[in-house]
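Contents: one structure, followed by commentary.
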Amino acid sequence: MTTPTADLWHHYGRTRHATDRAVPDRFSWSWSQDSGPGAAVLGDITGRRVADLGAGAARHAAHLAVHHRPAHVVAVDASPAQHAMSSGLYGHLTSRLRLVHCDVTRHLHAAPGIYDVLYSVFGAVDFTEPRELLPAAASALRPGGRLAFSTLAHHLGGAPAHPAVQHTEIGARTPDGEMAGMRRWVLQEQVWAKLLDEAGFTRISAQTLPGKTGPRAADALLVTAFRTDRSAA
């Protein structure tokens with residue numbers, strides 16, 4: 001067993017961190033991170049306030065900050081190790097990129113109506129109770145603001161996504177290498193749509209991004225939705 005404060009993302013991405021320190025020149029939503037639509041899914045973010053939910057090493061956020069023209073990009077992650085990696089990689093981009101070490105749901109609740117665009121690439125949307133995260137995301141968006149996220153369309157290994165709001169326990173390691181578990185939500189498209197509708201989103205759409213072949217290959221589900229524009233009511 002592990003303690004609630006153990007950083008289960010301590011080991012994730014360390015090999016790449018040591019060998020690849022560049023700002024990515026493209027934005028990808030697919031599981032393989034080498035195909036599918038790019039940042040256009042977010043709409044025109046020129047002058048917009050954008051946040052990456054569960055940003056990890058903040059590679060996607062750095063791409064937006066350098067290659068697009070947002071007002072600012074905030075990369076939020078609860079993992080001390082991931083925050084340290086993002087700071088080491090992209091701390092020099094502070095004029096365009098803000099790196100925040102915080103629980104994502106807590107950050108969203110503290111920022112009502114602040115953001116124009118929120119996104120997650122296999123990030124916090126996958127690993128946070130959706131009945132808590134999605135309403136928090138809606139509250140942090142301005143009316144009409146956009147949420148986009150990519151998530152697993154099925155479990156790794158091929159098992160189907162859950163037809164109800166149910167998490168899957170997956171393996172992880174503590175900083176000292178002990179085995180532990182974390183929760184991941186792998187849900188069917190209609191389940192995500194219902195959750196988004198209940199959280200205050202509208203114009204909900206989804207598309208499947210086919211994965212490659214192999215034991216760790218997976219299709220991705222790319223979902224977009226907009227906070228209900230109450231001013232139009």
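Identifiers in this document derive from the order of the structure tokens: chains are assigned A, B, ..., residues are numbered from 1 separately in each chain, and ligands are numbered from 1 in order of occurrence.
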
Taking only residues of segment 47-83 of chain A that have an atom at most 8 Å from an atom of segment 107-122 of chain A, what is each one's shortest atom pair and its distance in Å to one decimal, using only C-alpha atoms, in chain and number order, as CSV?
residue,atom,partner,partner_atom,distance
A:Arg48,CA,A:Asp116,CA,5.9
A:Arg49,CA,A:Tyr115,CA,5.1
A:Val50,CA,A:Val117,CA,4.8
A:Ala51,CA,A:Leu118,CA,5.0
A:Asp52,CA,A:Tyr119,CA,5.2
A:Leu53,CA,A:Ser120,CA,5.1
A:Gly54,CA,A:Ser120,CA,6.6
A:Ala55,CA,A:Ser120,CA,7.4
A:Val76,CA,A:His107,CA,7.9

Once you have the residues from the selection above, write them out as an mmCIF file, in the first residue's frame, restricted to N, CA and C atoms.
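Written out: out.cif:
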data_model
loop_
_atom_site.group_PDB
_atom_site.id
_atom_site.type_symbol
_atom_site.label_atom_id
_atom_site.label_comp_id
_atom_site.auth_asym_id
_atom_site.auth_seq_id
_atom_site.Cartn_x
_atom_site.Cartn_y
_atom_site.Cartn_z
ATOM 1 N N ARG A 48 -6.002 34.447 -26.132
ATOM 2 C CA ARG A 48 -6.883 33.704 -25.231
ATOM 3 C C ARG A 48 -6.119 33.221 -23.989
ATOM 4 N N ARG A 49 -6.878 32.951 -22.953
ATOM 5 C CA ARG A 49 -6.337 32.399 -21.711
ATOM 6 C C ARG A 49 -6.578 30.890 -21.731
ATOM 7 N N VAL A 50 -5.499 30.132 -21.688
ATOM 8 C CA VAL A 50 -5.532 28.689 -21.931
ATOM 9 C C VAL A 50 -4.900 27.964 -20.746
ATOM 10 N N ALA A 51 -5.440 26.788 -20.408
ATOM 11 C CA ALA A 51 -4.809 25.962 -19.374
ATOM 12 C C ALA A 51 -4.759 24.506 -19.804
ATOM 13 N N ASP A 52 -3.639 23.870 -19.488
ATOM 14 C CA ASP A 52 -3.405 22.449 -19.711
ATOM 15 C C ASP A 52 -3.644 21.741 -18.382
ATOM 16 N N LEU A 53 -4.603 20.826 -18.350
ATOM 17 C CA LEU A 53 -5.000 20.145 -17.123
ATOM 18 C C LEU A 53 -4.281 18.809 -16.995
ATOM 19 N N GLY A 54 -3.367 18.730 -16.053
ATOM 20 C CA GLY A 54 -2.521 17.549 -15.945
ATOM 21 C C GLY A 54 -1.432 17.611 -16.992
ATOM 22 N N ALA A 55 -0.651 18.671 -16.948
ATOM 23 C CA ALA A 55 0.268 19.004 -18.042
ATOM 24 C C ALA A 55 1.514 18.135 -18.094
ATOM 25 N N VAL A 76 -0.912 23.076 -15.474
ATOM 26 C CA VAL A 76 -1.210 22.687 -14.093
ATOM 27 C C VAL A 76 -0.958 21.197 -13.905
#

Can you tell me, as a PDB file with N, CA and C atoms, in the first residue's frame, what residues are no more than 10 Å from Trp192 of chain A when counting only C-alpha atoms, ignoring any on the same chain fewer than 5 positions away?
ATOM      1  N   PRO A 130     -14.490  12.254 -12.701  1.00  0.00           N
ATOM      2  CA  PRO A 130     -15.073  13.212 -13.652  1.00  0.00           C
ATOM      3  C   PRO A 130     -16.249  13.997 -13.083  1.00  0.00           C
ATOM      4  N   LEU A 134     -15.174  17.784 -14.130  1.00  0.00           N
ATOM      5  CA  LEU A 134     -15.886  18.457 -15.223  1.00  0.00           C
ATOM      6  C   LEU A 134     -16.708  19.654 -14.748  1.00  0.00           C
ATOM      7  N   PRO A 163     -19.145   1.214 -19.673  1.00  0.00           N
ATOM      8  CA  PRO A 163     -20.428   1.793 -20.073  1.00  0.00           C
ATOM      9  C   PRO A 163     -21.085   2.599 -18.962  1.00  0.00           C
ATOM     10  N   ALA A 164     -20.387   2.794 -17.854  1.00  0.00           N
ATOM     11  CA  ALA A 164     -20.885   3.589 -16.729  1.00  0.00           C
ATOM     12  C   ALA A 164     -19.696   4.316 -16.116  1.00  0.00           C
ATOM     13  N   VAL A 165     -19.980   5.236 -15.198  1.00  0.00           N
ATOM     14  CA  VAL A 165     -18.905   6.008 -14.567  1.00  0.00           C
ATOM     15  C   VAL A 165     -18.206   5.117 -13.546  1.00  0.00           C
ATOM     16  N   VAL A 186     -11.703   5.172 -18.002  1.00  0.00           N
ATOM     17  CA  VAL A 186     -11.757   4.804 -19.419  1.00  0.00           C
ATOM     18  C   VAL A 186     -13.231   4.553 -19.724  1.00  0.00           C
ATOM     19  N   LEU A 187     -13.896   5.537 -20.315  1.00  0.00           N
ATOM     20  CA  LEU A 187     -15.350   5.532 -20.436  1.00  0.00           C
ATOM     21  C   LEU A 187     -15.788   5.586 -21.893  1.00  0.00           C
ATOM     22  N   ASP A 197     -22.744  17.001 -20.263  1.00  0.00           N
ATOM     23  CA  ASP A 197     -24.044  17.662 -20.255  1.00  0.00           C
ATOM     24  C   ASP A 197     -24.453  18.014 -18.821  1.00  0.00           C
ATOM     25  N   GLU A 198     -24.283  17.090 -17.905  1.00  0.00           N
ATOM     26  CA  GLU A 198     -24.651  17.322 -16.509  1.00  0.00           C
ATOM     27  C   GLU A 198     -23.784  18.397 -15.860  1.00  0.00           C
ATOM     28  N   ILE A 204     -21.444  19.133 -27.623  1.00  0.00           N
ATOM     29  CA  ILE A 204     -20.492  18.071 -27.304  1.00  0.00           C
ATOM     30  C   ILE A 204     -20.282  17.196 -28.540  1.00  0.00           C
ATOM     31  N   SER A 205     -19.034  16.974 -28.896  1.00  0.00           N
ATOM     32  CA  SER A 205     -18.727  16.119 -30.050  1.00  0.00           C
ATOM     33  C   SER A 205     -17.506  15.269 -29.740  1.00  0.00           C
ATOM     34  N   ALA A 206     -17.374  14.166 -30.454  1.00  0.00           N
ATOM     35  CA  ALA A 206     -16.246  13.271 -30.233  1.00  0.00           C
ATOM     36  C   ALA A 206     -15.865  12.590 -31.528  1.00  0.00           C
ATOM     37  N   VAL A 223     -12.542  14.548 -27.534  1.00  0.00           N
ATOM     38  CA  VAL A 223     -13.831  15.131 -27.166  1.00  0.00           C
ATOM     39  C   VAL A 223     -13.702  16.642 -27.072  1.00  0.00           C
TER      40      VAL A 223
END

* To do: Would you list the contacts of Thr208 of chain A as a list in words, taking every protein, DNA or RNA residue within 7 Å and counting only C-alpha atoms, but skipping same-chain residues closer than 5 positions in sequence?
  => Asp219, Ala220, Leu221 and Leu222 of chain A

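The residue that comes closest to Val104 of chain A, out of A:Arg146, A:His67, A:Thr228, A:Gly56 and on the basis of only C-alpha atoms, is A:Gly56.
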
* Distance query segment 59-61 of chain A at most 12 Å, only C-alpha atoms, self and fewer than 5 positions along chain excluded, as a count of residues only -> 55
